[in-house]
>>> print(open('start.cif').read())   # mmCIF, C-alpha atoms and all ligand atoms; chains and numbers go by the auth columns
data_target
#
loop_
_atom_site.group_PDB
_atom_site.id
_atom_site.type_symbol
_atom_site.label_atom_id
_atom_site.label_comp_id
_atom_site.label_asym_id
_atom_site.label_seq_id
_atom_site.Cartn_x
_atom_site.Cartn_y
_atom_site.Cartn_z
_atom_site.B_iso_or_equiv
_atom_site.auth_seq_id
_atom_site.auth_asym_id
ATOM 1 C CA MET A 1 0.000 0.000 0.000 0.00 1 A
ATOM 2 C CA ASN A 2 1.583 3.312 -1.071 0.00 2 A
ATOM 3 C CA ILE A 3 1.209 6.564 0.894 0.00 3 A
ATOM 4 C CA PHE A 4 -1.653 7.786 -1.343 0.00 4 A
ATOM 5 C CA SER A 5 -3.827 4.698 -0.812 0.00 5 A
ATOM 6 C CA THR A 6 -3.030 4.773 2.933 0.00 6 A
ATOM 7 C CA LEU A 7 -4.282 8.375 3.068 0.00 7 A
ATOM 8 C CA LEU A 8 -7.489 7.424 1.236 0.00 8 A
ATOM 9 C CA ALA A 9 -8.103 4.566 3.669 0.00 9 A
ATOM 10 C CA LEU A 10 -7.670 6.911 6.660 0.00 10 A
ATOM 11 C CA LEU A 11 -10.075 9.470 5.144 0.00 11 A
ATOM 12 C CA ALA A 12 -12.678 6.739 4.588 0.00 12 A
ATOM 13 C CA LEU A 13 -12.275 5.551 8.178 0.00 13 A
ATOM 14 C CA PHE A 14 -12.751 8.996 9.736 0.00 14 A
ATOM 15 C CA GLY A 15 -15.585 9.894 7.343 0.00 15 A
ATOM 16 C CA SER A 16 -17.807 6.985 8.402 0.00 16 A
ATOM 17 C CA PHE A 17 -18.705 7.983 11.955 0.00 17 A
ATOM 18 C CA GLY A 18 -22.270 7.904 13.321 0.00 18 A
ATOM 19 C CA GLY A 19 -24.673 5.263 14.554 0.00 19 A
ATOM 20 C CA PHE A 20 -27.309 4.734 17.180 0.00 20 A
ATOM 21 C CA SER A 21 -27.585 3.172 20.571 0.00 21 A
ATOM 22 C CA GLN A 22 -31.187 2.022 20.583 0.00 22 A
ATOM 23 C CA GLY A 23 -33.998 1.385 18.141 0.00 23 A
ATOM 24 C CA GLY A 24 -35.649 -1.359 16.105 0.00 24 A
ATOM 25 C CA GLY A 25 -36.269 -2.268 12.485 0.00 25 A
ATOM 26 C CA SER A 26 -34.347 -1.211 9.426 0.00 26 A
ATOM 27 C CA SER A 27 -32.409 2.036 9.301 0.00 27 A
ATOM 28 C CA THR A 28 -30.553 4.387 6.974 0.00 28 A
ATOM 29 C CA SER A 29 -28.528 7.547 7.567 0.00 29 A
ATOM 30 C CA SER A 30 -26.895 10.395 5.670 0.00 30 A
ATOM 31 C CA SER A 31 -25.204 13.667 6.531 0.00 31 A
ATOM 32 C CA SER A 32 -26.522 16.126 3.928 0.00 32 A
ATOM 33 C CA VAL A 33 -29.178 18.237 5.663 0.00 33 A
ATOM 34 C CA ALA A 34 -29.473 21.922 6.513 0.00 34 A
ATOM 35 C CA ALA A 35 -29.826 23.380 10.007 0.00 35 A
ATOM 36 C CA HIS A 36 -33.167 24.758 11.215 0.00 36 A
ATOM 37 C CA SER A 37 -34.137 27.044 14.056 0.00 37 A
ATOM 38 C CA GLY A 38 -37.220 28.490 15.741 0.00 38 A
ATOM 39 C CA THR A 39 -39.860 27.652 18.341 0.00 39 A
ATOM 40 C CA ASP A 40 -42.223 24.728 17.877 0.00 40 A
ATOM 41 C CA PHE A 41 -45.588 23.728 19.368 0.00 41 A
ATOM 42 C CA GLY A 42 -47.872 20.708 19.282 0.00 42 A
ATOM 43 C CA ASN A 43 -51.148 20.833 17.418 0.00 43 A
ATOM 44 C CA ALA A 44 -53.355 18.167 18.990 0.00 44 A
ATOM 45 C CA PRO A 45 -56.761 19.297 20.338 0.00 45 A
ATOM 46 C CA ALA A 46 -56.553 21.463 23.481 0.00 46 A
ATOM 47 C CA ILE A 47 -57.602 18.641 25.827 0.00 47 A
ATOM 48 C CA TYR A 48 -54.176 17.055 25.277 0.00 48 A
ATOM 49 C CA LEU A 49 -52.405 20.226 26.498 0.00 49 A
ATOM 50 C CA ASP A 50 -49.725 21.833 24.389 0.00 50 A
ATOM 51 C CA THR A 51 -45.979 21.680 24.743 0.00 51 A
ATOM 52 C CA ILE A 52 -43.058 23.725 23.457 0.00 52 A
ATOM 53 C CA HIS A 53 -39.573 23.305 22.030 0.00 53 A
ATOM 54 C CA ASP A 54 -37.740 26.651 22.044 0.00 54 A
ATOM 55 C CA ASP A 55 -35.112 25.850 19.447 0.00 55 A
ATOM 56 C CA GLN A 56 -35.043 23.347 16.580 0.00 56 A
ATOM 57 C CA SER A 57 -31.529 24.146 15.397 0.00 57 A
ATOM 58 C CA LEU A 58 -29.876 20.964 16.756 0.00 58 A
ATOM 59 C CA VAL A 59 -32.405 18.179 16.113 0.00 59 A
ATOM 60 C CA TRP A 60 -35.803 17.935 14.458 0.00 60 A
ATOM 61 C CA LEU A 61 -38.228 15.409 13.004 0.00 61 A
ATOM 62 C CA GLY A 62 -38.381 14.750 9.279 0.00 62 A
ATOM 63 C CA ASN A 63 -36.933 16.969 6.623 0.00 63 A
ATOM 64 C CA SER A 64 -38.479 20.202 7.844 0.00 64 A
ATOM 65 C CA GLN A 65 -39.390 21.911 11.073 0.00 65 A
ATOM 66 C CA THR A 66 -43.053 22.869 11.285 0.00 66 A
ATOM 67 C CA ASN A 67 -42.971 26.187 13.099 0.00 67 A
ATOM 68 C CA THR A 68 -44.564 27.910 10.151 0.00 68 A
ATOM 69 C CA SER A 69 -46.731 30.932 10.921 0.00 69 A
ATOM 70 C CA SER A 70 -49.747 28.613 10.819 0.00 70 A
ATOM 71 C CA GLU A 71 -48.360 26.562 13.698 0.00 71 A
ATOM 72 C CA SER A 72 -47.483 29.466 15.943 0.00 72 A
ATOM 73 C CA HIS A 73 -50.927 29.003 17.487 0.00 73 A
ATOM 74 C CA PRO A 74 -50.612 26.607 20.425 0.00 74 A
ATOM 75 C CA ASN A 75 -53.255 23.876 20.467 0.00 75 A
ATOM 76 C CA SER A 76 -54.336 24.666 16.941 0.00 76 A
ATOM 77 C CA GLN A 77 -54.788 21.991 14.311 0.00 77 A
ATOM 78 C CA TYR A 78 -53.728 24.282 11.489 0.00 78 A
ATOM 79 C CA SER A 79 -50.535 22.435 10.667 0.00 79 A
ATOM 80 C CA ILE A 80 -51.988 18.964 10.116 0.00 80 A
ATOM 81 C CA GLY A 81 -50.324 17.624 7.012 0.00 81 A
ATOM 82 C CA LEU A 82 -47.119 19.618 7.485 0.00 82 A
ATOM 83 C CA ASP A 83 -45.551 17.286 10.041 0.00 83 A
ATOM 84 C CA ASP A 84 -43.114 14.974 8.324 0.00 84 A
ATOM 85 C CA GLY A 85 -41.108 13.005 10.899 0.00 85 A
ATOM 86 C CA LEU A 86 -43.334 9.961 11.122 0.00 86 A
ATOM 87 C CA SER A 87 -45.170 8.049 8.404 0.00 87 A
ATOM 88 C CA PHE A 88 -47.479 5.052 8.737 0.00 88 A
ATOM 89 C CA ALA A 89 -50.547 3.359 7.254 0.00 89 A
ATOM 90 C CA ASP A 90 -53.793 5.365 6.920 0.00 90 A
ATOM 91 C CA LYS A 91 -55.589 3.095 9.381 0.00 91 A
ATOM 92 C CA PHE A 92 -54.454 1.206 12.443 0.00 92 A
ATOM 93 C CA VAL A 93 -56.238 -2.169 12.344 0.00 93 A
ATOM 94 C CA ILE A 94 -56.846 -3.744 15.743 0.00 94 A
ATOM 95 C CA GLY A 95 -54.941 -7.007 16.076 0.00 95 A
ATOM 96 C CA GLU A 96 -52.465 -6.147 13.324 0.00 96 A
ATOM 97 C CA THR A 97 -49.003 -4.555 13.265 0.00 97 A
ATOM 98 C CA VAL A 98 -48.228 -1.105 11.847 0.00 98 A
ATOM 99 C CA SER A 99 -44.797 -0.083 10.557 0.00 99 A
ATOM 100 C CA MET A 100 -43.915 3.285 12.103 0.00 100 A
ATOM 101 C CA ASN A 101 -41.331 4.925 9.852 0.00 101 A
ATOM 102 C CA TYR A 102 -39.268 7.540 11.692 0.00 102 A
ATOM 103 C CA SER A 103 -37.105 10.214 10.077 0.00 103 A
ATOM 104 C CA LEU A 104 -34.735 12.133 12.391 0.00 104 A
ATOM 105 C CA SER A 105 -32.537 15.091 11.425 0.00 105 A
ATOM 106 C CA SER A 106 -29.653 16.874 13.131 0.00 106 A
ATOM 107 C CA SER A 107 -27.129 19.614 12.502 0.00 107 A
ATOM 108 C CA GLY A 108 -23.762 18.010 13.178 0.00 108 A
ATOM 109 C CA GLU A 109 -23.335 15.009 15.424 0.00 109 A
ATOM 110 C CA GLN A 110 -25.978 15.017 18.172 0.00 110 A
ATOM 111 C CA THR A 111 -27.405 12.619 20.738 0.00 111 A
ATOM 112 C CA ALA A 112 -31.189 12.768 20.400 0.00 112 A
ATOM 113 C CA TYR A 113 -33.921 11.359 22.649 0.00 113 A
ATOM 114 C CA VAL A 114 -37.136 10.321 20.904 0.00 114 A
ATOM 115 C CA LYS A 115 -40.428 9.427 22.575 0.00 115 A
ATOM 116 C CA THR A 116 -43.839 8.650 21.093 0.00 116 A
ATOM 117 C CA TRP A 117 -47.198 8.409 22.832 0.00 117 A
ATOM 118 C CA LEU A 118 -50.547 7.116 21.579 0.00 118 A
ATOM 119 C CA ASP A 119 -53.824 7.809 23.400 0.00 119 A
ATOM 120 C CA TRP A 120 -55.075 4.235 23.303 0.00 120 A
ATOM 121 C CA ASN A 121 -58.167 4.824 25.475 0.00 121 A
ATOM 122 C CA GLN A 122 -59.092 8.125 23.741 0.00 122 A
ATOM 123 C CA ASP A 123 -59.531 10.026 27.009 0.00 123 A
ATOM 124 C CA GLY A 124 -57.553 13.082 25.893 0.00 124 A
ATOM 125 C CA ASP A 125 -54.176 12.346 27.504 0.00 125 A
ATOM 126 C CA TRP A 126 -51.043 10.267 26.948 0.00 126 A
ATOM 127 C CA LEU A 127 -50.649 9.263 30.585 0.00 127 A
ATOM 128 C CA ASP A 128 -52.337 5.852 30.762 0.00 128 A
ATOM 129 C CA ASP A 129 -50.711 2.438 30.895 0.00 129 A
ATOM 130 C CA LYS A 130 -48.622 1.618 27.799 0.00 130 A
ATOM 131 C CA GLU A 131 -49.431 4.953 26.114 0.00 131 A
ATOM 132 C CA LEU A 132 -45.685 5.571 25.744 0.00 132 A
ATOM 133 C CA ILE A 133 -45.283 3.442 22.600 0.00 133 A
ATOM 134 C CA PHE A 134 -41.649 4.218 21.736 0.00 134 A
ATOM 135 C CA SER A 135 -38.553 5.518 23.518 0.00 135 A
ATOM 136 C CA GLY A 136 -35.045 5.591 22.083 0.00 136 A
ATOM 137 C CA VAL A 137 -31.744 7.459 22.097 0.00 137 A
ATOM 138 C CA PHE A 138 -29.746 7.940 18.906 0.00 138 A
ATOM 139 C CA THR A 139 -26.331 9.459 18.216 0.00 139 A
ATOM 140 C CA PHE A 140 -26.102 10.478 14.570 0.00 140 A
ATOM 141 C CA SER A 141 -25.175 13.231 12.156 0.00 141 A
ATOM 142 C CA GLY A 142 -27.427 14.429 9.344 0.00 142 A
ATOM 143 C CA THR A 143 -30.456 12.192 8.907 0.00 143 A
ATOM 144 C CA TYR A 144 -31.317 8.895 10.514 0.00 144 A
ATOM 145 C CA ASN A 145 -34.303 6.784 9.406 0.00 145 A
ATOM 146 C CA PHE A 146 -35.638 3.679 11.088 0.00 146 A
ATOM 147 C CA THR A 147 -38.811 1.603 11.388 0.00 147 A
ATOM 148 C CA ASP A 148 -40.479 0.516 14.612 0.00 148 A
ATOM 149 C CA ASP A 149 -43.261 -2.074 14.460 0.00 149 A
ATOM 150 C CA LEU A 150 -46.315 -1.230 16.583 0.00 150 A
ATOM 151 C CA PHE A 151 -48.838 -3.942 17.493 0.00 151 A
ATOM 152 C CA ILE A 152 -52.383 -2.605 17.742 0.00 152 A
ATOM 153 C CA ASP A 153 -53.208 -4.499 20.920 0.00 153 A
ATOM 154 C CA PRO A 154 -56.909 -5.453 21.188 0.00 154 A
ATOM 155 C CA THR A 155 -56.677 -5.055 24.984 0.00 155 A
ATOM 156 C CA LEU A 156 -55.628 -1.391 24.574 0.00 156 A
ATOM 157 C CA ALA A 157 -56.987 -0.074 21.288 0.00 157 A
ATOM 158 C CA MET A 158 -60.505 1.262 20.760 0.00 158 A
ATOM 159 C CA VAL A 159 -62.223 1.852 17.432 0.00 159 A
ATOM 160 C CA GLY A 160 -62.279 5.554 16.583 0.00 160 A
ATOM 161 C CA ASP A 161 -60.029 8.565 16.064 0.00 161 A
ATOM 162 C CA THR A 162 -57.275 9.354 18.528 0.00 162 A
ATOM 163 C CA TRP A 163 -53.973 11.268 18.714 0.00 163 A
ATOM 164 C CA LEU A 164 -50.287 10.448 18.681 0.00 164 A
ATOM 165 C CA ARG A 165 -47.443 12.758 19.815 0.00 165 A
ATOM 166 C CA VAL A 166 -43.787 12.266 18.907 0.00 166 A
ATOM 167 C CA ARG A 167 -40.958 14.396 20.348 0.00 167 A
ATOM 168 C CA ILE A 168 -37.238 14.634 19.706 0.00 168 A
ATOM 169 C CA THR A 169 -34.791 16.547 21.900 0.00 169 A
ATOM 170 C CA THR A 170 -31.185 16.773 23.020 0.00 170 A
ATOM 171 C CA ASP A 171 -32.268 17.901 26.507 0.00 171 A
ATOM 172 C CA GLY A 172 -32.050 14.393 28.010 0.00 172 A
ATOM 173 C CA ASP A 173 -34.396 11.501 28.648 0.00 173 A
ATOM 174 C CA ASN A 174 -36.457 12.979 31.495 0.00 174 A
ATOM 175 C CA PHE A 175 -39.543 14.349 29.739 0.00 175 A
ATOM 176 C CA GLY A 176 -43.210 13.501 29.227 0.00 176 A
ATOM 177 C CA PRO A 177 -45.688 14.425 26.505 0.00 177 A
ATOM 178 C CA THR A 178 -46.320 17.976 27.735 0.00 178 A
ATOM 179 C CA ASP A 179 -43.111 19.058 29.548 0.00 179 A
ATOM 180 C CA PRO A 180 -41.531 22.169 28.004 0.00 180 A
ATOM 181 C CA LEU A 181 -38.158 21.456 26.387 0.00 181 A
ATOM 182 C CA PHE A 182 -35.470 23.680 24.953 0.00 182 A
ATOM 183 C CA TYR A 183 -34.149 21.840 21.898 0.00 183 A
ATOM 184 C CA GLY A 184 -36.052 19.723 19.412 0.00 184 A
ATOM 185 C CA GLU A 185 -39.430 19.379 17.758 0.00 185 A
ATOM 186 C CA VAL A 186 -42.894 17.972 18.550 0.00 186 A
ATOM 187 C CA GLU A 187 -45.285 16.555 15.978 0.00 187 A
ATOM 188 C CA ASP A 188 -48.892 15.479 16.633 0.00 188 A
ATOM 189 C CA TYR A 189 -50.804 13.110 14.370 0.00 189 A
ATOM 190 C CA LYS A 190 -54.476 12.160 14.202 0.00 190 A
ATOM 191 C CA ILE A 191 -54.849 8.366 14.093 0.00 191 A
ATOM 192 C CA SER A 192 -57.799 6.318 12.849 0.00 192 A
ATOM 193 C CA ILE A 193 -58.216 2.958 14.586 0.00 193 A
ATOM 194 C CA VAL A 194 -60.501 0.410 12.918 0.00 194 A
ATOM 195 C CA SER A 195 -61.561 -3.170 13.533 0.00 195 A
ATOM 196 C CA ARG A 196 -60.651 -5.917 11.090 0.00 196 A
ATOM 197 C CA LEU A 197 -64.285 -6.057 9.933 0.00 197 A
ATOM 198 C CA ASP A 198 -64.186 -2.374 8.957 0.00 198 A
ATOM 199 C CA ASP A 199 -60.845 -2.591 7.179 0.00 199 A
ATOM 200 C CA ASN A 200 -61.440 -2.643 3.416 0.00 200 A
ATOM 201 C CA SER A 201 -57.749 -3.089 2.659 0.00 201 A
ATOM 202 C CA ASN A 202 -57.963 -6.748 3.722 0.00 202 A
ATOM 203 C CA ILE A 203 -59.532 -8.370 0.677 0.00 203 A
ATOM 204 C CA ASN A 204 -60.705 -11.828 1.720 0.00 204 A
ATOM 205 C CA PRO A 205 -61.709 -14.434 -0.916 0.00 205 A
ATOM 206 C CA GLU A 206 -65.427 -14.371 -1.749 0.00 206 A
ATOM 207 C CA PRO A 207 -67.409 -17.468 -0.634 0.00 207 A
ATOM 208 C CA ALA A 208 -67.897 -18.447 -4.325 0.00 208 A
ATOM 209 C CA THR A 209 -64.103 -18.366 -4.818 0.00 209 A
ATOM 210 C CA MET A 210 -63.663 -20.584 -1.780 0.00 210 A
ATOM 211 C CA ILE A 211 -66.167 -23.113 -3.209 0.00 211 A
ATOM 212 C CA LEU A 212 -64.357 -23.175 -6.577 0.00 212 A
ATOM 213 C CA LEU A 213 -61.015 -23.531 -4.839 0.00 213 A
ATOM 214 C CA GLY A 214 -62.423 -26.361 -2.723 0.00 214 A
ATOM 215 C CA SER A 215 -63.856 -28.240 -5.722 0.00 215 A
ATOM 216 C CA GLY A 216 -60.519 -27.778 -7.538 0.00 216 A
ATOM 217 C CA LEU A 217 -58.717 -29.430 -4.658 0.00 217 A
ATOM 218 C CA LEU A 218 -61.268 -32.276 -4.649 0.00 218 A
ATOM 219 C CA GLY A 219 -60.741 -32.739 -8.419 0.00 219 A
ATOM 220 C CA PHE A 220 -56.979 -32.827 -7.940 0.00 220 A
ATOM 221 C CA ALA A 221 -57.330 -35.369 -5.141 0.00 221 A
ATOM 222 C CA GLY A 222 -59.639 -37.453 -7.401 0.00 222 A
ATOM 223 C CA ILE A 223 -57.034 -37.522 -10.228 0.00 223 A
ATOM 224 C CA GLY A 224 -54.419 -38.693 -7.751 0.00 224 A
ATOM 225 C CA PHE A 225 -56.733 -41.417 -6.500 0.00 225 A
ATOM 226 C CA LYS A 226 -57.444 -42.664 -10.061 0.00 226 A
ATOM 227 C CA ARG A 227 -53.728 -42.771 -10.895 0.00 227 A
ATOM 228 C CA LYS A 228 -53.113 -44.779 -7.794 0.00 228 A
ATOM 229 C CA ARG A 229 -55.767 -47.274 -8.823 0.00 229 A
ATOM 230 C CA LEU A 230 -54.333 -47.558 -12.392 0.00 230 A
ATOM 231 C CA ASN A 231 -50.869 -48.270 -11.015 0.00 231 A
ATOM 232 C CA LYS A 232 -52.174 -50.970 -8.732 0.00 232 A
ATOM 233 C CA PRO A 233 -50.794 -54.403 -9.719 0.00 233 A
ATOM 234 C CA LEU A 234 -53.442 -56.832 -10.939 0.00 234 A
HETATM 235 CA CA CA B . -40.831 18.129 11.105 0.00 301 A
HETATM 236 CA CA CA B . -55.082 8.227 27.451 0.00 302 A
HETATM 237 CA CA CA B . -44.849 20.997 15.854 0.00 303 A
#
>>> encode(input="start.cif", output="structure tokens")
Amino acid sequence: MNIFSTLLALLALFGSFGGFSQGGGSSTSSSSVAAHSGTDFGNAPAIYLDTIHDDQSLVWLGNSQTNTSSESHPNSQYSIGLDDGLSFADKFVIGETVSMNYSLSSSGEQTAYVKTWLDWNQDGDWLDDKELIFSGVFTFSGTYNFTDDLFIDPTLAMVGDTWLRVRITTDGDNFGPTDPLFYGEVEDYKISIVSRLDDNSNINPEPATMILLGSGLLGFAGIGFKRKRLNKPL
């Protein structure tokens, strides 16, 4: 190895820093994002109580911060559709699993704490048992994407609309859904929970198809039986 190739190897080694210390599912990362700043609020209905992040310049959710002028109204729902840190299926089907796709962003290398709450019992808070649905700490630079699988537990979930709150911060791990924080971003999402019977995306075979399929199997079994009889020694 000559001095030039040694130098290239060292550059590659020092250029590949980053990683995470907790989280599930698949993940990707990159380091080409711009810094953001500004104050951020939640936008769930007022019963959930608002929260605040003073400064989004270190870490934020998704590609963009959502402290647009429309979201500078605490407890408003004006910014629904602008939040971009979390993506998932349109409906949460009770008894099934939903892939929660997270997108985190940072300016420079940061250690970020992420927590997500879902109001399973639809009573207007995120304080009940198992309503903290995700908690993780990640050290990364640029963007970091991962997927967390969420089981829609029939013992917790109720049919109807409810709300989810996700927060990211560098302030440390000691925070709840409404505690004011300095750094980071909060995003609130309206969630629709349905039963399997109401879920049109699960296309089950029609009864007529089942009958045809059944008779096809019987026919196949009959052919096999005949062949067996033909091969029987006399
Ligand atoms: Ca965002
Ligand atoms: Ca609750
Ligand atoms: Ca927000």
>>> atom_distance(input="start.cif", atom1="atom CA of A:Ser106", atom2="atom CA of A:Ile133")
22.7 Å
>>> resolve_selection(input="start.cif", expression="the PyMOL selection byres (((not hetatm)) within 8 of (chain A and resi 302))", output="list in words")
Leu118, Asp119, Trp120, Asn121, Gln122, Asp123, Gly124, Asp125, Trp126, Leu127, Asp128 and Glu131 of chain A
>>> residues_near_ligand(input="start.cif", ligand="ligand CA 303 (chain A)", cutoff="6 Å", atoms="all atoms listed in the file", output="ChimeraX atom specification")
/A:40-42,66,185-187
>>> residues_near_ligand(input="start.cif", ligand="ligand CA 301 (chain A)", cutoff="10 Å", atoms="all atoms listed in the file", output="list in words")
Asp40, Gln56, Val59, Trp60, Leu61, Gly62, Asn63, Ser64, Gln65, Thr66, Asn67, Leu82, Asp83, Asp84, Gly85, Leu86, Ser103, Leu104, Ser105, Arg167, Ile168, Gly184, Glu185, Val186 and Glu187 of chain A
>>> write_last_selection(input="start.cif", atoms="C-alpha atoms", output="PDB file, keeping the file's coordinate frame")
ATOM      1  CA  ASP A  40     -42.223  24.728  17.877  1.00  0.00           C
ATOM      2  CA  GLN A  56     -35.043  23.347  16.580  1.00  0.00           C
ATOM      3  CA  VAL A  59     -32.405  18.179  16.113  1.00  0.00           C
ATOM      4  CA  TRP A  60     -35.803  17.935  14.458  1.00  0.00           C
ATOM      5  CA  LEU A  61     -38.228  15.409  13.004  1.00  0.00           C
ATOM      6  CA  GLY A  62     -38.381  14.750   9.279  1.00  0.00           C
ATOM      7  CA  ASN A  63     -36.933  16.969   6.623  1.00  0.00           C
ATOM      8  CA  SER A  64     -38.479  20.202   7.844  1.00  0.00           C
ATOM      9  CA  GLN A  65     -39.390  21.911  11.073  1.00  0.00           C
ATOM     10  CA  THR A  66     -43.053  22.869  11.285  1.00  0.00           C
ATOM     11  CA  ASN A  67     -42.971  26.187  13.099  1.00  0.00           C
ATOM     12  CA  LEU A  82     -47.119  19.618   7.485  1.00  0.00           C
ATOM     13  CA  ASP A  83     -45.551  17.286  10.041  1.00  0.00           C
ATOM     14  CA  ASP A  84     -43.114  14.974   8.324  1.00  0.00           C
ATOM     15  CA  GLY A  85     -41.108  13.005  10.899  1.00  0.00           C
ATOM     16  CA  LEU A  86     -43.334   9.961  11.122  1.00  0.00           C
ATOM     17  CA  SER A 103     -37.105  10.214  10.077  1.00  0.00           C
ATOM     18  CA  LEU A 104     -34.735  12.133  12.391  1.00  0.00           C
ATOM     19  CA  SER A 105     -32.537  15.091  11.425  1.00  0.00           C
ATOM     20  CA  ARG A 167     -40.958  14.396  20.348  1.00  0.00           C
ATOM     21  CA  ILE A 168     -37.238  14.634  19.706  1.00  0.00           C
ATOM     22  CA  GLY A 184     -36.052  19.723  19.412  1.00  0.00           C
ATOM     23  CA  GLU A 185     -39.430  19.379  17.758  1.00  0.00           C
ATOM     24  CA  VAL A 186     -42.894  17.972  18.550  1.00  0.00           C
ATOM     25  CA  GLU A 187     -45.285  16.555  15.978  1.00  0.00           C
TER      26      GLU A 187
END
>>> atom_distance(input="start.cif", atom1="atom CA of A:Ser141", atom2="atom CA of A:Asn101")
18.3 Å
>>> residues_around(input="start.cif", residues="A:Val194", least_positions_apart="6", cutoff="12 Å", atoms="only C-alpha atoms", output="list in words")
Ala89, Asp90, Lys91, Phe92, Val93, Ile94, Gly95, Glu96, Ile152, Asp153, Pro154, Ala157, Met158, Val159, Gly160, Asp161, Thr162, Asn200, Ser201 and Asn202 of chain A
>>> atom_distance(input="start.cif", atom1="atom CA of A:Phe138", atom2="atom CA of A:Pro45")
29.3 Å
>>> resolve_selection(input="start.cif", expression="the PyMOL selection byres (((chain A and resi 183) around 10) and not hetatm)", output="MDAnalysis selection string")
chainID A and resid 37:40 52:60 112 168:172 180:182 184:185
>>> residues_around(input="start.cif", residues="A:Tyr189", least_positions_apart="3", cutoff="7 Å", atoms="only C-alpha atoms", output="list in words")
Trp163, Leu164 and Arg165 of chain A
>>> residues_near_point(input="start.cif", point="(-41.9, 7.7, 21.3)", cutoff="7 Å", atoms="all atoms listed in the file", output="list of chain:residue names")
A:Val114, A:Lys115, A:Thr116, A:Trp117, A:Leu132, A:Ile133, A:Phe134, A:Ser135, A:Val166, A:Arg167
>>> closest_residue(input="start.cif", among="A:Ser99, A:Thr178, A:Thr51, A:Gln110", to="A:Val137", atoms="all atoms listed in the file")
A:Gln110
>>> closest_residue(input="start.cif", among="A:Asn145, A:Leu150, A:Leu197, A:Gly136", to="A:Phe88", atoms="all atoms listed in the file")
A:Leu150
